[in-house]
Amino acid sequence: MYFCLASRQKHIHSGRYLESYFEIIRATVHFGVKNLILAGVFTYSLQSQLEAMRKKATDALPGSSWSPLEQNPNLPPERADIVIVGGGVVGWSIAYWLKKKEMVRGGVRVVVVERDPTYSRASTVLSAGGIRQQFSLPENIHLSLASADFMRNINEHLGVLNEDPVDLQFNHSGYLFLASENVAHIMEENYSTQRYAGAKVSLLSPTQLKEKFPWISTDGVALASYGLENEGWFDPWSLLNAFRRKAMSMGVIQCIGEVTGFKYTTNIMTTVDGEQVDFKRIKQVRVQMPNSLEYQPVECAIVVNAAGAHSGKLAEMMGIGFGPKDTIAGIPLPVEPRKRYIYVVHCPDGPGLDTPFLIDYSGIYVRREGLGGNYIAGTSPEEEEEPDTTNMEVDHQFFEEKVWPYLAHRVPAFEKLKVTSAWAGFYDYNTFDQNGIIGMHPLVNNVYFATGFSGHGLQHSPAVGRAVAELILDGNFKTLDLSAFGFRRIMAQEPMLERNIV
């Protein structure tokens, strides 16, 4: 800025001049400081940018983890030792036992893939939550006994440091099976098998039944079987969440996504009869992220199919069952979803706190649900009346026609009740013999099954998880011999029929 000398001389002694002069000085100083500040900000910003560029260049050097693409933190790892498909209670039980049995911390890298993070359609949380020893097959009885023992000591197994203890809300009211004259002999045979296996069960005559449970109508009942211990019901979500929480604390990786395909190698071998057989080995699992086109291929050594009601479809993705008919390669995994309805009813004058899980020979079941006269009830439909599995809608007419009449006949107090709510869920139904399929597939030698339990997967999950972990890590069953539940019985067309299916 320039000043006129004549003007300065003219106003040298003037106060106005001094005031103007200092205003000019102040403006000049302010202008300079402002520029200095701006210059400092620019310099700092430039330094920050240079530092960021220097870091990016360093990260891009060989051996670094830097990638020009943004990483999705929800993606599963690129490699794992074992991928378990299905994050229901069976899948998480297997994951827990694998980590429990590993010799070195972090020695086995396990990933569990579940497509429904809300579990709104999961069989586990939509079940009635029962556990019983009253089966006809020794294997099922032993599975129940082992699982009941696990649940009694749940916090010794699944307790997590600095977390709330696990509360399964286990109600030990037992199961009560009723038999007509036509099937009483089967109940007696089952009773002998159960007692021999170590289950605490008692048989009741109609008179004894009426004395113990006066609210029951004994019309048509020839014999009853009552579980004295280790039977009742519990909260399914609590068990699932306890397995998941513990397994993740041990290092299991949870992935929310859907398995949409597999990459496998095939070796062709010729049998002594001249038949060519394809032996497959899964090398990679493709996991699709939810609501996204993004996917992650996961290389792995072993895949466990614990996908429940959807395990049959998953087996098809593996190429199982697509070989020539009348050959081993042409045998599919016989598991499909079957929809079941559960109705919640309110009956103020219904049975009290001693109410067991009642199974009538007509097929209907009922148990108490909390307090205040609430119960849950249901039955399985006839084979030709299986409901549509493409939706989760509840058929309320089914209750009116197929459940309520038999329920009121057996428990007269239920003649007056009100349905307060209902839901539908899926069984992983084994169409071959309604029993679990546990073990390796003979033609895909790194695929293990834990599916097809047809309604008793939840109650057997602790023992099944241990058995599958033994099979994978030890090469055979150690605690319970479940080899009879292997895939080979399906190949040989030798069903393991359970006569106490509910």
# chains A, B, ... in the order shown; residues from 1 in each chain; ligands from 1
>>> residues_around(residues="Ala307 (chain A)", least_positions_apart="6", cutoff="12 Å", atoms="only C-alpha atoms", output="MDAnalysis selection string")
chainID A and resid 83:92 112:116 122:124 258:259 313:315 335:337 426:429 448:453 457
>>> write_last_selection(atoms="N, CA and C atoms", output="CSV table (one decimal), in the first residue's frame")
chain,number,residue,atom,x,y,z
A,83,VAL,N,-15.2,-75.8,7.1
A,83,VAL,CA,-16.4,-74.9,6.9
A,83,VAL,C,-17.6,-75.7,7.3
A,84,ILE,N,-18.4,-75.2,8.3
A,84,ILE,CA,-19.6,-75.8,8.7
A,84,ILE,C,-20.7,-75.0,8.0
A,85,VAL,N,-21.5,-75.6,7.2
A,85,VAL,CA,-22.6,-74.9,6.5
A,85,VAL,C,-23.9,-75.2,7.3
A,86,GLY,N,-24.4,-74.1,8.0
A,86,GLY,CA,-25.6,-74.2,8.8
A,86,GLY,C,-25.2,-73.8,10.2
A,87,GLY,N,-25.8,-72.6,10.6
A,87,GLY,CA,-25.5,-72.1,12.0
A,87,GLY,C,-26.6,-72.3,12.9
A,88,GLY,N,-27.3,-73.5,12.8
A,88,GLY,CA,-28.3,-73.9,13.8
A,88,GLY,C,-27.5,-74.5,15.0
A,89,VAL,N,-28.3,-75.1,15.9
A,89,VAL,CA,-27.7,-75.6,17.1
A,89,VAL,C,-26.8,-76.8,16.8
A,90,VAL,N,-27.0,-77.6,15.8
A,90,VAL,CA,-26.1,-78.7,15.5
A,90,VAL,C,-24.8,-78.2,14.9
A,91,GLY,N,-24.9,-77.2,14.0
A,91,GLY,CA,-23.7,-76.6,13.5
A,91,GLY,C,-22.8,-76.0,14.5
A,92,TRP,N,-23.4,-75.2,15.4
A,92,TRP,CA,-22.6,-74.6,16.4
A,92,TRP,C,-22.1,-75.5,17.5
A,112,VAL,N,-18.2,-71.0,10.5
A,112,VAL,CA,-19.6,-71.4,10.5
A,112,VAL,C,-20.4,-70.4,9.6
A,113,VAL,N,-21.0,-70.9,8.6
A,113,VAL,CA,-21.8,-70.0,7.6
A,113,VAL,C,-23.3,-70.2,7.9
A,114,GLU,N,-23.9,-69.1,8.2
A,114,GLU,CA,-25.4,-69.1,8.4
A,114,GLU,C,-26.0,-68.0,7.5
A,115,ARG,N,-27.1,-68.3,6.8
A,115,ARG,CA,-27.6,-67.3,5.9
A,115,ARG,C,-28.7,-66.4,6.5
A,116,ASP,N,-29.2,-66.8,7.7
A,116,ASP,CA,-30.3,-66.1,8.4
A,116,ASP,C,-29.8,-65.5,9.7
A,122,ALA,N,-35.3,-70.4,11.4
A,122,ALA,CA,-34.5,-71.6,11.8
A,122,ALA,C,-35.3,-72.6,12.6
A,123,SER,N,-35.0,-73.9,12.2
A,123,SER,CA,-35.7,-75.0,12.9
A,123,SER,C,-35.5,-75.0,14.4
A,124,THR,N,-34.2,-74.6,14.8
A,124,THR,CA,-33.9,-74.7,16.2
A,124,THR,C,-34.8,-73.9,17.1
A,258,GLU,N,-24.7,-66.9,2.3
A,258,GLU,CA,-25.3,-68.1,1.8
A,258,GLU,C,-24.4,-68.9,0.9
A,259,VAL,N,-24.2,-70.2,1.1
A,259,VAL,CA,-23.4,-71.0,0.3
A,259,VAL,C,-24.1,-71.2,-1.0
A,313,LYS,N,-30.7,-79.8,-0.5
A,313,LYS,CA,-30.4,-78.9,-1.6
A,313,LYS,C,-28.9,-78.6,-1.7
A,314,LEU,N,-28.3,-78.5,-0.5
A,314,LEU,CA,-26.8,-78.3,-0.4
A,314,LEU,C,-26.1,-79.5,-0.9
A,315,ALA,N,-26.5,-80.7,-0.7
A,315,ALA,CA,-25.9,-81.9,-1.2
A,315,ALA,C,-26.0,-81.9,-2.7
A,335,VAL,N,-33.2,-85.8,2.5
A,335,VAL,CA,-33.6,-84.9,3.5
A,335,VAL,C,-34.3,-83.7,2.8
A,336,GLU,N,-35.5,-83.4,3.3
A,336,GLU,CA,-36.3,-82.3,2.8
A,336,GLU,C,-37.0,-81.6,3.9
A,337,PRO,N,-37.4,-80.3,3.6
A,337,PRO,CA,-38.1,-79.6,4.7
A,337,PRO,C,-39.6,-80.1,4.8
A,426,PHE,N,-39.7,-75.7,10.3
A,426,PHE,CA,-39.4,-76.8,9.4
A,426,PHE,C,-38.6,-77.9,10.1
A,427,TYR,N,-39.0,-79.1,9.8
A,427,TYR,CA,-38.2,-80.3,10.2
A,427,TYR,C,-37.2,-80.5,9.1
A,428,ASP,N,-36.0,-81.0,9.5
A,428,ASP,CA,-35.1,-81.6,8.5
A,428,ASP,C,-35.5,-83.1,8.4
A,429,TYR,N,-36.5,-83.3,7.6
A,429,TYR,CA,-37.1,-84.6,7.5
A,429,TYR,C,-36.4,-85.6,6.7
A,448,TYR,N,-18.9,-84.2,5.5
A,448,TYR,CA,-19.5,-84.9,6.6
A,448,TYR,C,-20.9,-84.4,6.7
A,449,PHE,N,-21.8,-85.3,7.1
A,449,PHE,CA,-23.2,-84.9,7.3
A,449,PHE,C,-23.6,-84.9,8.8
A,450,ALA,N,-24.5,-84.0,9.2
A,450,ALA,CA,-25.1,-84.0,10.5
A,450,ALA,C,-26.5,-83.4,10.3
A,451,THR,N,-27.4,-84.2,9.8
A,451,THR,CA,-28.7,-83.7,9.4
A,451,THR,C,-29.7,-84.8,9.4
A,452,GLY,N,-31.0,-84.5,9.0
A,452,GLY,CA,-32.0,-85.5,8.8
A,452,GLY,C,-32.6,-86.0,10.1
A,453,PHE,N,-32.5,-85.2,11.2
A,453,PHE,CA,-32.9,-85.7,12.5
A,453,PHE,C,-34.4,-85.8,12.7
A,457,GLY,N,-33.2,-83.2,16.4
A,457,GLY,CA,-31.9,-82.7,16.3
A,457,GLY,C,-31.5,-81.7,17.4
>>> residues_around(residues="region 286-291 of chain A", least_positions_apart="3", cutoff="12 Å", atoms="only C-alpha atoms", output="MDAnalysis selection string")
chainID A and resid 72:79 83:85 111:117 255:264 282:283 294:300 303 314 317:318
>>> select_by_dssp(residues="region 123-369 of chain A", states="strand (DSSP E or B)", output="count of residues only")
77
>>> residues_around(residues="Tyr341 (chain A)", least_positions_apart="4", cutoff="12 Å", atoms="only C-alpha atoms", output="CSV table (one decimal) with N, CA, C and O atoms, in the first residue's frame")
chain,number,residue,atom,x,y,z
A,123,SER,N,-35.0,-73.9,12.2
A,123,SER,CA,-35.7,-75.0,12.9
A,123,SER,C,-35.5,-75.0,14.4
A,123,SER,O,-36.4,-75.3,15.2
A,126,LEU,N,-37.7,-72.5,16.4
A,126,LEU,CA,-39.1,-72.6,16.1
A,126,LEU,C,-39.6,-74.0,16.6
A,126,LEU,O,-40.8,-74.3,16.3
A,127,SER,N,-38.8,-74.7,17.3
A,127,SER,CA,-39.2,-76.1,17.8
A,127,SER,C,-39.9,-76.0,19.1
A,127,SER,O,-39.9,-74.9,19.8
A,128,ALA,N,-40.4,-77.1,19.6
A,128,ALA,CA,-41.1,-77.2,20.9
A,128,ALA,C,-40.1,-77.3,22.0
A,128,ALA,O,-40.5,-77.2,23.2
A,364,ILE,N,-51.3,-86.2,18.8
A,364,ILE,CA,-51.2,-84.9,19.3
A,364,ILE,C,-50.3,-84.8,20.5
A,364,ILE,O,-50.1,-85.8,21.2
A,365,TYR,N,-49.7,-83.6,20.7
A,365,TYR,CA,-48.9,-83.4,21.9
A,365,TYR,C,-49.3,-82.1,22.5
A,365,TYR,O,-49.8,-81.2,21.9
A,376,ILE,N,-48.6,-75.1,24.7
A,376,ILE,CA,-48.4,-75.3,23.3
A,376,ILE,C,-48.8,-76.7,22.9
A,376,ILE,O,-48.6,-77.6,23.6
A,377,ALA,N,-49.3,-76.8,21.7
A,377,ALA,CA,-49.9,-78.1,21.2
A,377,ALA,C,-49.7,-78.2,19.7
A,377,ALA,O,-49.5,-77.2,19.0
A,378,GLY,N,-49.8,-79.4,19.2
A,378,GLY,CA,-49.7,-79.6,17.8
A,378,GLY,C,-49.7,-81.1,17.5
A,378,GLY,O,-49.9,-82.0,18.3
A,379,THR,N,-49.6,-81.4,16.2
A,379,THR,CA,-49.5,-82.8,15.7
A,379,THR,C,-48.9,-82.8,14.3
A,379,THR,O,-48.8,-81.8,13.6
A,380,SER,N,-48.4,-84.0,13.9
A,380,SER,CA,-47.9,-84.1,12.5
A,380,SER,C,-49.0,-84.5,11.6
A,380,SER,O,-49.8,-85.4,11.9
A,381,PRO,N,-49.0,-83.9,10.4
A,381,PRO,CA,-50.1,-84.2,9.5
A,381,PRO,C,-49.8,-85.6,8.8
A,381,PRO,O,-48.7,-86.1,8.9
A,386,GLU,N,-49.3,-83.2,3.8
A,386,GLU,CA,-48.1,-82.4,4.1
A,386,GLU,C,-48.4,-80.9,3.6
A,386,GLU,O,-48.7,-80.8,2.4
A,387,PRO,N,-48.2,-79.9,4.4
A,387,PRO,CA,-48.4,-78.5,4.0
A,387,PRO,C,-47.4,-78.0,3.1
A,387,PRO,O,-46.2,-78.5,3.0
A,388,ASP,N,-47.7,-76.9,2.4
A,388,ASP,CA,-46.8,-76.2,1.5
A,388,ASP,C,-45.6,-75.7,2.3
A,388,ASP,O,-45.7,-75.0,3.3
A,389,THR,N,-44.4,-76.0,1.8
A,389,THR,CA,-43.1,-75.5,2.4
A,389,THR,C,-42.5,-74.2,1.8
A,389,THR,O,-41.4,-73.9,2.2
A,392,MET,N,-44.3,-69.6,5.4
A,392,MET,CA,-44.3,-69.9,6.8
A,392,MET,C,-45.7,-69.7,7.4
A,392,MET,O,-45.9,-69.4,8.6
A,393,GLU,N,-46.7,-69.7,6.5
A,393,GLU,CA,-48.1,-69.4,7.0
A,393,GLU,C,-48.6,-70.6,7.8
A,393,GLU,O,-48.3,-71.7,7.6
A,394,VAL,N,-49.5,-70.2,8.8
A,394,VAL,CA,-50.1,-71.2,9.7
A,394,VAL,C,-51.5,-71.5,9.3
A,394,VAL,O,-52.3,-70.6,9.0
A,395,ASP,N,-51.8,-72.8,9.2
A,395,ASP,CA,-53.2,-73.2,8.9
A,395,ASP,C,-54.0,-73.4,10.2
A,395,ASP,O,-53.8,-74.3,10.9
A,396,HIS,N,-54.8,-72.4,10.5
A,396,HIS,CA,-55.6,-72.4,11.8
A,396,HIS,C,-56.7,-73.5,11.7
A,396,HIS,O,-57.2,-74.0,12.7
A,397,GLN,N,-57.2,-73.8,10.5
A,397,GLN,CA,-58.2,-74.8,10.3
A,397,GLN,C,-57.7,-76.1,10.7
A,397,GLN,O,-58.4,-77.0,11.2
A,398,PHE,N,-56.4,-76.3,10.5
A,398,PHE,CA,-55.7,-77.6,10.9
A,398,PHE,C,-55.9,-77.8,12.4
A,398,PHE,O,-56.1,-79.0,12.9
A,399,PHE,N,-55.8,-76.8,13.2
A,399,PHE,CA,-56.0,-76.9,14.7
A,399,PHE,C,-57.4,-77.3,15.0
A,399,PHE,O,-57.6,-78.2,15.8
A,402,LYS,N,-57.8,-81.1,13.3
A,402,LYS,CA,-56.8,-82.2,13.6
A,402,LYS,C,-56.2,-82.2,15.0
A,402,LYS,O,-55.7,-83.2,15.4
A,403,VAL,N,-56.3,-81.1,15.7
A,403,VAL,CA,-55.6,-81.0,17.0
A,403,VAL,C,-56.6,-80.9,18.1
A,403,VAL,O,-56.7,-81.7,19.1
A,421,SER,N,-51.8,-67.6,19.8
A,421,SER,CA,-50.8,-67.3,18.8
A,421,SER,C,-50.4,-68.7,18.2
A,421,SER,O,-50.8,-69.7,18.7
A,422,ALA,N,-49.6,-68.6,17.1
A,422,ALA,CA,-49.1,-69.8,16.5
A,422,ALA,C,-48.0,-69.5,15.6
A,422,ALA,O,-47.8,-68.3,15.2
A,423,TRP,N,-47.2,-70.5,15.2
A,423,TRP,CA,-46.1,-70.3,14.3
A,423,TRP,C,-45.8,-71.6,13.5
A,423,TRP,O,-46.3,-72.7,13.9
A,424,ALA,N,-45.1,-71.5,12.5
A,424,ALA,CA,-44.7,-72.7,11.7
A,424,ALA,C,-43.2,-72.8,11.6
A,424,ALA,O,-42.5,-71.8,11.6
A,425,GLY,N,-42.7,-74.0,11.6
A,425,GLY,CA,-41.2,-74.2,11.5
A,425,GLY,C,-41.0,-75.4,10.6
A,425,GLY,O,-41.9,-76.2,10.3
A,426,PHE,N,-39.7,-75.7,10.3
A,426,PHE,CA,-39.4,-76.8,9.4
A,426,PHE,C,-38.6,-77.9,10.1
A,426,PHE,O,-37.7,-77.6,10.9
A,427,TYR,N,-39.0,-79.1,9.8
A,427,TYR,CA,-38.2,-80.3,10.2
A,427,TYR,C,-37.2,-80.5,9.1
A,427,TYR,O,-37.5,-80.3,7.9
>>> select_by_dssp(residues="region 273-433 of chain A", states="helix (DSSP H, G or I)", output="MDAnalysis selection string")
chainID A and resid 308:317 328:330 383:385 396:410 412:415
>>> write_last_selection(atoms="N, CA and C atoms", output="tab-separated table (two decimals), in the first residue's frame")
chain	number	residue	atom	x	y	z
A	308	GLY	N	-29.59	-78.50	8.02
A	308	GLY	CA	-30.95	-78.80	8.45
A	308	GLY	C	-31.88	-79.10	7.30
A	309	ALA	N	-33.02	-78.42	7.29
A	309	ALA	CA	-34.04	-78.67	6.29
A	309	ALA	C	-33.55	-78.41	4.86
A	310	HIS	N	-32.49	-77.63	4.73
A	310	HIS	CA	-31.97	-77.29	3.40
A	310	HIS	C	-30.75	-78.12	3.03
A	311	SER	N	-30.43	-79.13	3.82
A	311	SER	CA	-29.21	-79.90	3.57
A	311	SER	C	-29.30	-80.75	2.31
A	312	GLY	N	-30.52	-81.15	1.92
A	312	GLY	CA	-30.68	-81.90	0.68
A	312	GLY	C	-30.29	-81.07	-0.53
A	313	LYS	N	-30.74	-79.80	-0.55
A	313	LYS	CA	-30.37	-78.89	-1.64
A	313	LYS	C	-28.86	-78.64	-1.66
A	314	LEU	N	-28.28	-78.51	-0.46
A	314	LEU	CA	-26.84	-78.27	-0.37
A	314	LEU	C	-26.08	-79.47	-0.93
A	315	ALA	N	-26.55	-80.69	-0.65
A	315	ALA	CA	-25.90	-81.89	-1.18
A	315	ALA	C	-25.96	-81.92	-2.71
A	316	GLU	N	-27.06	-81.43	-3.26
A	316	GLU	CA	-27.17	-81.36	-4.72
A	316	GLU	C	-26.10	-80.44	-5.31
A	317	MET	N	-25.84	-79.31	-4.62
A	317	MET	CA	-24.78	-78.40	-5.08
A	317	MET	C	-23.42	-79.09	-5.11
A	328	ILE	N	-24.38	-95.98	-6.74
A	328	ILE	CA	-24.13	-95.22	-5.52
A	328	ILE	C	-24.18	-93.72	-5.82
A	329	ALA	N	-23.61	-93.34	-6.95
A	329	ALA	CA	-23.56	-91.93	-7.31
A	329	ALA	C	-24.93	-91.33	-7.57
A	330	GLY	N	-25.93	-92.19	-7.80
A	330	GLY	CA	-27.27	-91.71	-8.09
A	330	GLY	C	-28.16	-91.60	-6.87
A	383	GLU	N	-49.13	-88.13	5.73
A	383	GLU	CA	-48.18	-87.98	4.62
A	383	GLU	C	-48.82	-87.28	3.42
A	384	GLU	N	-50.06	-87.64	3.10
A	384	GLU	CA	-50.71	-87.06	1.92
A	384	GLU	C	-51.23	-85.65	2.18
A	385	GLU	N	-51.13	-85.18	3.42
A	385	GLU	CA	-51.62	-83.84	3.76
A	385	GLU	C	-50.49	-82.89	4.15
A	396	HIS	N	-54.82	-72.39	10.52
A	396	HIS	CA	-55.59	-72.44	11.76
A	396	HIS	C	-56.73	-73.45	11.68
A	397	GLN	N	-57.16	-73.75	10.47
A	397	GLN	CA	-58.19	-74.78	10.31
A	397	GLN	C	-57.65	-76.14	10.73
A	398	PHE	N	-56.35	-76.33	10.53
A	398	PHE	CA	-55.72	-77.59	10.91
A	398	PHE	C	-55.88	-77.83	12.42
A	399	PHE	N	-55.76	-76.77	13.21
A	399	PHE	CA	-55.95	-76.91	14.66
A	399	PHE	C	-57.39	-77.29	14.97
A	400	GLU	N	-58.30	-76.63	14.31
A	400	GLU	CA	-59.73	-76.88	14.56
A	400	GLU	C	-60.10	-78.33	14.25
A	401	GLU	N	-59.53	-78.89	13.20
A	401	GLU	CA	-59.95	-80.20	12.73
A	401	GLU	C	-59.07	-81.35	13.23
A	402	LYS	N	-57.76	-81.10	13.35
A	402	LYS	CA	-56.82	-82.20	13.60
A	402	LYS	C	-56.21	-82.20	14.99
A	403	VAL	N	-56.28	-81.07	15.70
A	403	VAL	CA	-55.63	-80.99	17.01
A	403	VAL	C	-56.65	-80.89	18.14
A	404	TRP	N	-57.49	-79.90	18.07
A	404	TRP	CA	-58.40	-79.61	19.19
A	404	TRP	C	-59.30	-80.78	19.58
A	405	PRO	N	-59.94	-81.48	18.65
A	405	PRO	CA	-60.83	-82.58	19.06
A	405	PRO	C	-60.10	-83.65	19.88
A	406	TYR	N	-58.91	-84.03	19.46
A	406	TYR	CA	-58.15	-85.06	20.18
A	406	TYR	C	-57.61	-84.52	21.49
A	407	LEU	N	-57.26	-83.23	21.49
A	407	LEU	CA	-56.74	-82.59	22.70
A	407	LEU	C	-57.83	-82.54	23.78
A	408	ALA	N	-59.02	-82.14	23.39
A	408	ALA	CA	-60.14	-82.04	24.34
A	408	ALA	C	-60.60	-83.42	24.80
A	409	HIS	N	-60.46	-84.42	23.92
A	409	HIS	CA	-60.83	-85.78	24.32
A	409	HIS	C	-59.90	-86.31	25.40
A	410	ARG	N	-58.61	-86.01	25.27
A	410	ARG	CA	-57.65	-86.52	26.23
A	410	ARG	C	-57.60	-85.69	27.51
A	412	PRO	N	-60.12	-83.10	29.12
A	412	PRO	CA	-61.42	-82.44	29.00
A	412	PRO	C	-61.40	-80.94	29.30
A	413	ALA	N	-60.48	-80.48	30.14
A	413	ALA	CA	-60.40	-79.04	30.44
A	413	ALA	C	-60.14	-78.23	29.18
A	414	PHE	N	-59.51	-78.86	28.17
A	414	PHE	CA	-59.18	-78.14	26.94
A	414	PHE	C	-60.38	-77.98	26.01
A	415	GLU	N	-61.56	-78.42	26.44
A	415	GLU	CA	-62.75	-78.12	25.65
A	415	GLU	C	-62.99	-76.62	25.59
>>> residues_around(residues="region 474-481 of chain A", least_positions_apart="3", cutoff="8 Å", atoms="only C-alpha atoms", output="PyMOL selection string")
chain A and resi 139+142-143+467-471+484
>>> closest_residue(among="A:Ser454, A:Asn171, A:Asn241, A:Asn190", to="Arg367 (chain A)", atoms="only C-alpha atoms")
A:Asn171
